[in-house]
file target-v9.cif (mmCIF, C-alpha atoms)
data_my_file
#
loop_
_atom_site.label_atom_id
_atom_site.label_comp_id
_atom_site.auth_asym_id
_atom_site.auth_seq_id
_atom_site.Cartn_x
_atom_site.Cartn_y
_atom_site.Cartn_z
CA MET P 1 4.60 31.92 -3.75
CA LEU P 2 6.11 34.25 -6.37
CA GLY P 3 8.17 36.49 -4.14
CA GLY P 4 11.22 34.28 -3.68
CA THR P 5 12.37 30.69 -3.54
CA ASN P 6 9.49 28.25 -3.87
CA ILE P 7 10.20 24.52 -3.77
CA SER P 8 7.39 21.96 -4.11
CA HIS P 9 6.59 19.91 -1.01
CA SER P 10 5.93 16.75 -3.05
CA ALA P 11 8.86 14.49 -2.10
CA GLU P 12 9.89 13.45 -5.62
CA SER P 13 9.28 16.85 -7.18
CA ALA P 14 10.90 18.65 -4.26
CA GLY P 15 14.10 16.65 -4.65
CA GLN P 16 14.14 17.21 -8.40
CA TRP P 17 13.74 20.96 -8.24
CA ARG P 18 15.88 21.36 -5.12
CA SER P 19 18.72 19.77 -7.10
CA TYR P 20 17.99 22.18 -9.97
CA HIS P 21 18.06 25.14 -7.58
CA ASP P 22 21.36 23.88 -6.14
CA TYR P 23 22.79 23.53 -9.64
CA LEU P 24 21.85 27.11 -10.53
CA SER P 25 23.22 28.37 -7.22
CA GLU P 26 26.54 26.64 -7.91
CA ARG P 27 26.73 28.16 -11.39
CA THR P 28 25.92 31.58 -9.92
CA ALA P 29 28.66 31.24 -7.31
CA ALA P 30 31.09 30.32 -10.10
CA GLY P 31 30.15 33.49 -12.02
CA GLU P 32 28.51 31.47 -14.81
CA PHE P 33 24.86 32.35 -14.25
CA SER P 34 22.86 35.47 -13.51
CA GLY P 35 19.10 35.69 -13.98
CA THR P 36 15.73 34.49 -12.77
CA VAL P 37 14.07 31.10 -13.13
CA LEU P 38 10.48 29.94 -12.72
CA VAL P 39 9.34 26.33 -12.93
CA ALA P 40 5.64 25.44 -12.87
CA ASP P 41 4.66 21.82 -12.20
CA GLY P 42 1.70 20.16 -13.90
CA ASP P 43 1.36 17.80 -10.94
CA ARG P 44 0.48 20.82 -8.83
CA GLY P 45 -2.04 22.28 -11.22
CA GLY P 46 0.61 24.14 -13.19
CA ARG P 47 1.55 26.26 -10.19
CA PRO P 48 5.15 27.42 -9.61
CA VAL P 49 7.36 25.04 -7.64
CA LEU P 50 10.53 27.08 -8.08
CA ALA P 51 10.67 30.85 -8.50
CA GLN P 52 14.04 32.39 -7.75
CA GLY P 53 16.45 35.14 -8.73
CA TYR P 54 20.16 34.36 -8.98
CA GLY P 55 23.04 36.79 -9.18
CA MET P 56 22.89 40.53 -9.62
CA ALA P 57 20.56 42.74 -11.63
CA ASP P 58 22.95 45.66 -11.10
CA ARG P 59 26.43 44.74 -9.95
CA GLY P 60 27.48 48.34 -9.51
CA ARG P 61 24.74 49.03 -6.96
CA GLY P 62 24.53 45.55 -5.50
CA ILE P 63 20.91 44.95 -6.56
CA ALA P 64 19.98 41.27 -6.77
CA ASN P 65 17.78 39.60 -9.36
CA THR P 66 14.29 38.67 -8.13
CA VAL P 67 11.18 37.16 -9.67
CA GLN P 68 9.97 40.68 -10.42
CA THR P 69 13.15 41.76 -12.20
CA ARG P 70 12.64 42.74 -15.82
CA PHE P 71 14.83 41.34 -18.61
CA CYS P 72 15.01 41.92 -22.33
CA ILE P 73 13.31 38.84 -23.81
CA ALA P 74 14.60 39.36 -27.37
CA SER P 75 13.05 36.91 -29.85
CA MET P 76 10.70 35.37 -27.30
CA GLY P 77 8.46 38.23 -28.41
CA LYS P 78 7.84 36.43 -31.70
CA MET P 79 5.34 34.31 -29.79
CA PHE P 80 3.25 37.43 -29.10
CA THR P 81 3.17 38.41 -32.77
CA ALA P 82 2.28 34.90 -33.89
CA VAL P 83 -0.58 34.59 -31.40
CA ALA P 84 -1.92 38.02 -32.40
CA VAL P 85 -1.91 37.02 -36.08
CA ALA P 86 -3.63 33.73 -35.25
CA GLN P 87 -6.29 35.65 -33.32
CA LEU P 88 -7.13 37.56 -36.49
CA VAL P 89 -7.29 34.33 -38.48
CA GLN P 90 -9.58 32.87 -35.84
CA ARG P 91 -11.85 35.90 -36.20
CA GLY P 92 -11.95 35.54 -39.99
CA ARG P 93 -10.04 38.76 -40.67
CA LEU P 94 -7.36 36.98 -42.72
CA THR P 95 -5.94 33.51 -43.50
CA PHE P 96 -2.49 32.04 -43.04
CA HIS P 97 -2.13 31.64 -46.80
CA ASP P 98 -3.02 35.19 -47.78
CA THR P 99 -0.24 37.02 -49.61
CA ILE P 100 1.24 40.04 -47.86
CA GLY P 101 0.48 42.35 -50.78
CA ARG P 102 -3.19 42.05 -49.88
CA TYR P 103 -2.56 43.99 -46.67
CA VAL P 104 0.85 45.69 -46.75
CA PRO P 105 1.70 48.19 -49.52
CA GLY P 106 5.09 49.00 -50.96
CA PHE P 107 6.47 45.60 -51.94
CA PRO P 108 7.20 44.80 -55.60
CA PRO P 109 4.88 42.20 -57.18
CA GLU P 110 7.44 39.39 -56.99
CA ILE P 111 7.26 39.69 -53.19
CA ALA P 112 3.77 41.09 -52.62
CA ASP P 113 2.05 38.38 -54.67
CA ARG P 114 4.17 35.40 -53.58
CA VAL P 115 5.12 35.74 -49.92
CA THR P 116 2.34 34.55 -47.60
CA ILE P 117 1.61 34.98 -43.91
CA HIS P 118 2.52 31.31 -43.50
CA HIS P 119 5.94 32.02 -45.01
CA LEU P 120 6.54 34.91 -42.60
CA LEU P 121 5.46 32.91 -39.53
CA THR P 122 7.71 29.96 -40.42
CA HIS P 123 10.81 31.92 -41.56
CA THR P 124 10.46 30.61 -45.11
CA SER P 125 9.75 33.96 -46.78
CA GLY P 126 13.27 34.62 -48.03
CA MET P 127 13.45 37.95 -46.20
CA GLY P 128 16.61 38.83 -44.32
CA ASP P 129 17.32 40.69 -41.11
CA VAL P 130 16.86 44.44 -41.03
CA LEU P 131 17.95 44.58 -37.38
CA PHE P 132 21.53 43.54 -38.21
CA PRO P 133 22.55 45.45 -41.34
CA PRO P 134 25.98 44.70 -42.87
CA SER P 135 26.94 48.34 -42.32
CA GLY P 136 26.64 47.88 -38.55
CA GLU P 137 24.53 51.02 -38.25
CA GLU P 138 21.78 51.18 -35.65
CA PRO P 139 18.44 50.31 -37.30
CA PRO P 140 15.47 52.69 -37.20
CA HIS P 141 13.53 52.86 -33.94
CA THR P 142 10.05 52.82 -35.48
CA LEU P 143 8.07 50.15 -37.29
CA ALA P 144 7.52 52.53 -40.19
CA GLY P 145 11.24 53.20 -40.43
CA LEU P 146 12.07 49.51 -40.39
CA MET P 147 9.47 48.82 -43.09
CA GLU P 148 10.93 51.50 -45.35
CA ILE P 149 14.13 49.45 -45.48
CA ILE P 150 12.47 46.03 -45.71
CA VAL P 151 10.27 46.81 -48.73
CA GLY P 152 13.32 47.76 -50.75
CA LYS P 153 15.26 44.54 -50.13
CA PRO P 154 15.20 41.59 -52.56
CA LEU P 155 14.44 38.10 -51.27
CA LEU P 156 17.37 35.86 -50.37
CA PHE P 157 15.62 32.75 -51.71
CA GLU P 158 12.34 31.64 -53.25
CA PRO P 159 9.40 31.79 -50.81
CA GLY P 160 8.86 28.38 -49.22
CA ALA P 161 12.11 26.94 -50.57
CA GLN P 162 13.97 26.75 -47.26
CA PHE P 163 14.19 27.91 -43.65
CA GLY P 164 15.99 31.22 -43.11
CA TYR P 165 15.53 32.89 -39.73
CA SER P 166 14.18 36.36 -40.43
CA ASN P 167 13.49 39.20 -38.03
CA SER P 168 12.36 41.21 -41.05
CA GLY P 169 9.56 38.71 -41.69
CA PHE P 170 8.11 39.19 -38.21
CA ILE P 171 8.39 42.96 -38.52
CA VAL P 172 6.27 42.69 -41.67
CA LEU P 173 3.72 40.71 -39.63
CA GLY P 174 3.59 43.62 -37.20
CA ALA P 175 2.97 46.05 -40.06
CA LEU P 176 0.24 43.71 -41.31
CA LEU P 177 -1.40 43.73 -37.87
CA GLU P 178 -1.43 47.51 -37.92
CA ARG P 179 -2.97 47.66 -41.40
CA VAL P 180 -5.69 45.11 -40.62
CA THR P 181 -6.63 46.43 -37.16
CA GLY P 182 -5.93 50.15 -37.60
CA HIS P 183 -4.09 50.16 -34.27
CA ASP P 184 -0.48 50.60 -33.21
CA TYR P 185 1.32 47.25 -32.91
CA ALA P 186 2.40 47.65 -29.28
CA ALA P 187 -1.05 48.87 -28.22
CA HIS P 188 -2.70 45.95 -30.02
CA ILE P 189 -0.45 43.38 -28.29
CA ARG P 190 -1.06 45.04 -24.94
CA LYS P 191 -4.84 44.82 -25.37
CA HIS P 192 -5.09 41.35 -26.92
CA ILE P 193 -2.15 39.50 -25.31
CA PHE P 194 -0.82 41.23 -22.21
CA GLN P 195 -4.12 42.28 -20.64
CA PRO P 196 -5.93 38.92 -21.04
CA ALA P 197 -2.85 37.19 -19.63
CA ALA P 198 -2.46 39.72 -16.76
CA MET P 199 1.09 40.54 -17.86
CA THR P 200 1.50 43.78 -15.92
CA ARG P 201 5.29 44.20 -16.13
CA THR P 202 5.84 43.57 -19.84
CA ARG P 203 6.31 46.35 -22.40
CA ILE P 204 7.20 46.69 -26.06
CA ASP P 205 9.14 49.92 -26.31
CA VAL P 206 12.39 51.58 -27.35
CA TYR P 207 14.46 51.87 -24.17
CA ARG P 208 17.80 51.77 -22.42
CA PRO P 209 17.72 49.08 -19.72
CA LYS P 210 19.32 51.38 -17.16
CA ASP P 211 16.34 53.74 -17.54
CA VAL P 212 13.65 51.07 -16.96
CA SER P 213 12.45 50.65 -13.39
CA GLY P 214 13.31 47.25 -11.95
CA MET P 215 15.22 46.06 -15.01
CA ALA P 216 18.38 43.98 -14.92
CA HIS P 217 21.47 45.47 -16.48
CA GLY P 218 22.79 43.36 -19.35
CA TYR P 219 26.35 42.02 -19.06
CA ALA P 220 27.91 41.17 -22.41
CA LEU P 221 31.19 39.39 -23.05
CA VAL P 222 33.61 41.91 -24.54
CA GLU P 223 37.09 40.52 -25.17
CA GLY P 224 36.51 37.84 -22.57
CA THR P 225 35.22 40.18 -19.86
CA LEU P 226 31.61 40.83 -18.84
CA LYS P 227 30.75 44.47 -19.47
CA ASP P 228 27.66 46.38 -18.35
CA ILE P 229 25.93 47.52 -21.56
CA SER P 230 22.73 48.78 -19.96
CA ASP P 231 23.06 52.13 -21.72
CA SER P 232 22.63 50.44 -25.14
CA VAL P 233 19.32 51.04 -26.91
CA GLN P 234 16.91 48.10 -27.22
CA ILE P 235 14.34 48.41 -30.00
CA GLY P 236 11.16 46.59 -29.05
CA ASN P 237 9.34 45.53 -32.23
CA PRO P 238 7.24 42.65 -33.66
CA SER P 239 10.31 40.41 -33.96
CA GLY P 240 11.33 40.85 -30.32
CA GLY P 241 13.09 43.18 -27.91
CA ALA P 242 10.34 43.65 -25.32
CA TYR P 243 11.12 43.42 -21.61
CA SER P 244 9.31 41.10 -19.22
CA THR P 245 9.62 38.99 -16.06
CA VAL P 246 9.47 35.26 -15.36
CA VAL P 247 6.11 35.79 -13.68
CA ASP P 248 4.63 37.53 -16.72
CA MET P 249 5.98 34.89 -19.10
CA TYR P 250 4.50 32.19 -16.87
CA ARG P 251 1.18 34.02 -17.07
CA PHE P 252 1.48 34.09 -20.85
CA SER P 253 2.00 30.32 -20.91
CA ARG P 254 -1.03 29.82 -18.66
CA ALA P 255 -3.22 32.07 -20.80
CA LEU P 256 -2.09 30.24 -23.93
CA THR P 257 -2.51 26.69 -22.63
CA ARG P 258 -5.80 27.48 -20.90
CA HIS P 259 -7.07 28.96 -24.17
CA ARG P 260 -7.70 32.51 -23.00
CA LEU P 261 -5.83 33.78 -26.07
CA LEU P 262 -6.82 31.25 -28.75
CA SER P 263 -9.22 28.34 -29.09
CA PRO P 264 -7.76 24.85 -28.49
CA ALA P 265 -7.61 24.21 -32.25
CA PHE P 266 -5.84 27.47 -33.06
CA THR P 267 -3.48 27.07 -30.11
CA GLU P 268 -2.44 23.70 -31.51
CA THR P 269 -2.04 25.19 -34.99
CA VAL P 270 0.34 27.85 -33.69
CA ILE P 271 2.54 25.66 -31.49
CA THR P 272 2.81 22.64 -33.81
CA GLY P 273 6.01 22.45 -35.85
CA LYS P 274 5.62 22.91 -39.60
CA LEU P 275 9.17 22.19 -40.77
CA ASP P 276 12.52 20.92 -39.49
CA ILE P 277 15.20 23.47 -38.70
CA PRO P 278 18.47 22.65 -40.50
CA SER P 279 21.67 22.24 -38.47
CA HIS P 280 19.78 21.82 -35.20
CA ALA P 281 18.93 18.87 -33.00
CA PRO P 282 16.85 16.17 -34.71
CA GLY P 283 13.18 16.66 -33.93
CA LEU P 284 13.40 20.43 -33.51
CA ARG P 285 10.73 22.05 -35.67
CA TYR P 286 9.40 25.58 -36.21
CA GLY P 287 5.69 26.30 -36.00
CA TYR P 288 4.09 29.73 -36.10
CA GLY P 289 6.41 31.76 -33.88
CA PHE P 290 7.01 28.73 -31.65
CA LEU P 291 9.67 26.04 -31.55
CA GLU P 292 8.51 22.46 -31.03
CA GLU P 293 10.72 19.62 -29.88
CA LYS P 294 10.19 16.01 -28.79
CA ARG P 295 12.62 14.14 -26.62
CA ASN P 296 11.93 10.61 -25.39
CA ALA P 297 8.37 11.10 -26.70
CA ILE P 298 7.91 14.12 -24.41
CA ARG P 299 6.88 17.27 -26.28
CA PHE P 300 7.79 20.83 -25.37
CA VAL P 301 7.20 24.12 -27.18
CA GLY P 302 8.18 27.75 -26.73
CA HIS P 303 10.92 30.08 -27.93
CA ASN P 304 14.36 31.35 -27.03
CA GLY P 305 15.94 34.74 -27.47
CA GLY P 306 19.26 36.47 -27.28
CA THR P 307 20.86 39.86 -27.65
CA PRO P 308 24.15 41.09 -26.16
CA GLY P 309 23.79 40.94 -22.37
CA TYR P 310 20.51 39.00 -22.33
CA GLN P 311 19.57 35.40 -23.12
CA CYS P 312 16.30 33.66 -22.40
CA GLN P 313 14.06 30.70 -23.10
CA MET P 314 10.61 29.41 -22.20
CA ASP P 315 9.67 25.74 -22.55
CA ILE P 316 6.02 24.71 -22.22
CA TYR P 317 5.24 20.99 -21.80
CA PRO P 318 1.61 20.84 -23.02
CA ASP P 319 1.00 17.20 -22.13
CA LEU P 320 2.63 17.41 -18.69
CA GLY P 321 1.42 20.87 -17.68
CA HIS P 322 4.96 22.05 -16.88
CA THR P 323 6.46 25.43 -17.80
CA VAL P 324 10.09 26.49 -17.41
CA VAL P 325 11.10 30.13 -17.87
CA VAL P 326 14.76 31.16 -17.73
CA LEU P 327 15.66 34.85 -18.19
CA THR P 328 19.29 35.90 -17.86
CA ASN P 329 21.33 39.09 -17.94
CA GLN P 330 24.68 37.53 -18.77
CA ASP P 331 26.04 36.16 -22.03
CA LYS P 332 26.34 32.35 -22.34
CA ALA P 333 24.23 31.78 -19.23
CA VAL P 334 20.95 30.36 -20.51
CA ALA P 335 21.91 27.22 -22.43
CA PRO P 336 23.26 25.09 -19.53
CA ALA P 337 20.30 26.08 -17.33
CA ILE P 338 17.64 25.23 -19.88
CA ILE P 339 19.41 22.01 -20.95
CA ARG P 340 19.45 20.83 -17.34
CA SER P 341 15.72 21.51 -16.97
CA GLN P 342 15.00 19.61 -20.18
CA GLU P 343 17.03 16.66 -18.95
CA LEU P 344 15.07 16.58 -15.70
CA LEU P 345 11.71 16.63 -17.50
CA THR P 346 12.41 14.30 -20.42
CA GLN P 347 14.35 11.42 -18.83
#

call {"tool": "encode", "arguments": {"input": "target-v9.cif", "output": "structure tokens"}}
result
Amino acid sequence: MLGGTNISHSAESAGQWRSYHDYLSERTAAGEFSGTVLVADGDRGGRPVLAQGYGMADRGRGIANTVQTRFCIASMGKMFTAVAVAQLVQRGRLTFHDTIGRYVPGFPPEIADRVTIHHLLTHTSGMGDVLFPPSGEEPPHTLAGLMEIIVGKPLLFEPGAQFGYSNSGFIVLGALLERVTGHDYAAHIRKHIFQPAAMTRTRIDVYRPKDVSGMAHGYALVEGTLKDISDSVQIGNPSGGAYSTVVDMYRFSRALTRHRLLSPAFTETVITGKLDIPSHAPGLRYGYGFLEEKRNAIRFVGHNGGTPGYQCQMDIYPDLGHTVVVLTNQDKAVAPAIIRSQELLTQ
């Protein structure tokens, strides 16, 4: 069932996820959680055992969150870009170690001839973050406008020298996709990711959440108080910012792990960590648009995301067949929820 609460009838699993549901309900009652959660259990063929909305999508109008509520998924969208790039590698259209100058014009030689697709996918390119300029001005709304800024920026460090999280790098990957395929980035992702995965309520667009049908309003902490910021513009792009639902993200995980998007070998290439992430938990590694972590020898992969008013994370447990999706519309809400799910699945 995907229309409301769904707790597994297996005794052990039911108790586990009933306790998780109770925990989220308690946090919601305390004003510390608002969002939607979906848990799929490998012991039940990867089917959902918990699918539930908590709190309000629109507090002003008293509209509750449900499993069909849309949320901004922020940097979780990097997984879409990475899979789309890997699809082109799988088809022989490019390689992970090609330099970006081979496909994307405008960069000076010291960037064009040295930064590779691998560097962009692993945040080791040395590019910065065009979405958060020091001036505080709103960035351009188009991929072309974002690229005009990116090509004129020097690298922050030598390519491959270190990890430096870069939205700019993933935007360049989107421009590369457009150059190689001849198609608009959002249209390409819709055809090659969303449609094969049956993700019917996910869009990459420029939007105000209050104008999107069925979308949760984002509540950001402003001077210690949660404020509705649903009139703020979200810029969907190759680095993130799309909106989706827990059901659609679950479908993405199923399509990925059942190899409807990539072959088994290329799926493993994308999700496997390539380097450690400094200043994070030991064992946390970054792959190609995916985070990989091992805890008590149990492996999980996925990505998180955050922007004012929205926080989210998806964890896929490839060896267990579990998937946990947590999408929230309240600042500081996602971390305790996802940590509790990880504790339940890795103890």

call {"tool": "resolve_selection", "arguments": {"input": "target-v9.cif", "expression": "the PyMOL selection byres ((chain P and resi 320-335) around 6)", "output": "PyMOL selection string"}}
result
chain P and resi 33-42+46+218-220+246+309-319+336-339

call {"tool": "resolve_selection", "arguments": {"input": "target-v9.cif", "expression": "the PyMOL selection byres ((chain P and resi 347) around 9)", "output": "JSON, numbers by chain"}}
result
{"P": [295, 296, 298, 342, 343, 344, 345, 346]}

call {"tool": "closest_residue", "arguments": {"input": "target-v9.cif", "among": "P:Ala242, P:Arg340, P:Ile111, P:Tyr286", "to": "P:Asp22", "atoms": "only C-alpha atoms"}}
result
P:Arg340

call {"tool": "atom_distance", "arguments": {"input": "target-v9.cif", "atom1": "atom CA of P:Ser253", "atom2": "atom CA of P:Val85"}}
result
17.0 Å

call {"tool": "atom_distance", "arguments": {"input": "target-v9.cif", "atom1": "atom CA of P:His303", "atom2": "atom CA of P:His118"}}
result
17.7 Å

call {"tool": "resolve_selection", "arguments": {"input": "target-v9.cif", "expression": "the PyMOL selection byres ((chain P and resi 289) around 6)", "output": "PyMOL selection string"}}
result
chain P and resi 78-79+82+121+287-288+290

call {"tool": "write_last_selection", "arguments": {"input": "target-v9.cif", "atoms": "C-alpha atoms", "output": "mmCIF file, in the coordinates of the input"}}
result
data_model
loop_
_atom_site.group_PDB
_atom_site.id
_atom_site.type_symbol
_atom_site.label_atom_id
_atom_site.label_comp_id
_atom_site.auth_asym_id
_atom_site.auth_seq_id
_atom_site.Cartn_x
_atom_site.Cartn_y
_atom_site.Cartn_z
ATOM 1 C CA LYS P 78 7.840 36.430 -31.700
ATOM 2 C CA MET P 79 5.340 34.310 -29.790
ATOM 3 C CA ALA P 82 2.280 34.900 -33.890
ATOM 4 C CA LEU P 121 5.460 32.910 -39.530
ATOM 5 C CA GLY P 287 5.690 26.300 -36.000
ATOM 6 C CA TYR P 288 4.090 29.730 -36.100
ATOM 7 C CA PHE P 290 7.010 28.730 -31.650
#

call {"tool": "closest_atom_pairs", "arguments": {"input": "target-v9.cif", "of": "stretch 203-245 of chain P", "to": "stretch 125-141 of chain P", "cutoff": "10 Å", "atoms": "all atoms listed in the file", "output": "JSON lines"}}
result
{"residue": "P:Asp205", "atom": "CA", "partner": "P:His141", "partner_atom": "CA", "distance": 9.3}
{"residue": "P:Val206", "atom": "CA", "partner": "P:His141", "partner_atom": "CA", "distance": 6.8}
{"residue": "P:Tyr207", "atom": "CA", "partner": "P:His141", "partner_atom": "CA", "distance": 9.9}
{"residue": "P:Val233", "atom": "CA", "partner": "P:Glu138", "partner_atom": "CA", "distance": 9.1}
{"residue": "P:Gln234", "atom": "CA", "partner": "P:His141", "partner_atom": "CA", "distance": 8.9}
{"residue": "P:Ile235", "atom": "CA", "partner": "P:His141", "partner_atom": "CA", "distance": 6.0}
{"residue": "P:Gly236", "atom": "CA", "partner": "P:His141", "partner_atom": "CA", "distance": 8.3}
{"residue": "P:Asn237", "atom": "CA", "partner": "P:His141", "partner_atom": "CA", "distance": 8.6}
{"residue": "P:Ser239", "atom": "CA", "partner": "P:Leu131", "partner_atom": "CA", "distance": 9.4}

call {"tool": "closest_residue", "arguments": {"input": "target-v9.cif", "among": "P:Val301, P:Ala144, P:Ile189, P:Glu32", "to": "P:Leu226", "atoms": "only C-alpha atoms"}}
result
P:Glu32

call {"tool": "residues_around", "arguments": {"input": "target-v9.cif", "residues": "P:Gln68", "least_positions_apart": "3", "cutoff": "8 Å", "atoms": "only C-alpha atoms", "output": "PyMOL selection string"}}
result
chain P and resi 3+65+214+245-247

call {"tool": "atom_distance", "arguments": {"input": "target-v9.cif", "atom1": "atom CA of P:Arg190", "atom2": "atom CA of P:Ser213"}}
result
18.6 Å

call {"tool": "residues_near_point", "arguments": {"input": "target-v9.cif", "point": "(12.9, 19.2, -34.9)", "cutoff": "12 Å", "atoms": "all atoms listed in the file", "output": "ChimeraX atom specification"}}
result
/P:272-287,290-295,299-301

call {"tool": "closest_residue", "arguments": {"input": "target-v9.cif", "among": "P:Ala29, P:Val49, P:Val172, P:Val212", "to": "P:Tyr243", "atoms": "all atoms listed in the file"}}
result
P:Val212

call {"tool": "residues_around", "arguments": {"input": "target-v9.cif", "residues": "P:His97", "least_positions_apart": "5", "cutoff": "9 Å", "atoms": "all atoms listed in the file", "output": "list of chain:residue names"}}
result
P:Val115, P:Thr116, P:Ile117, P:His118, P:His119

call {"tool": "closest_residue", "arguments": {"input": "target-v9.cif", "among": "P:Ser19, P:Ser168, P:Thr200, P:Gln87", "to": "P:Leu256", "atoms": "all atoms listed in the file"}}
result
P:Gln87
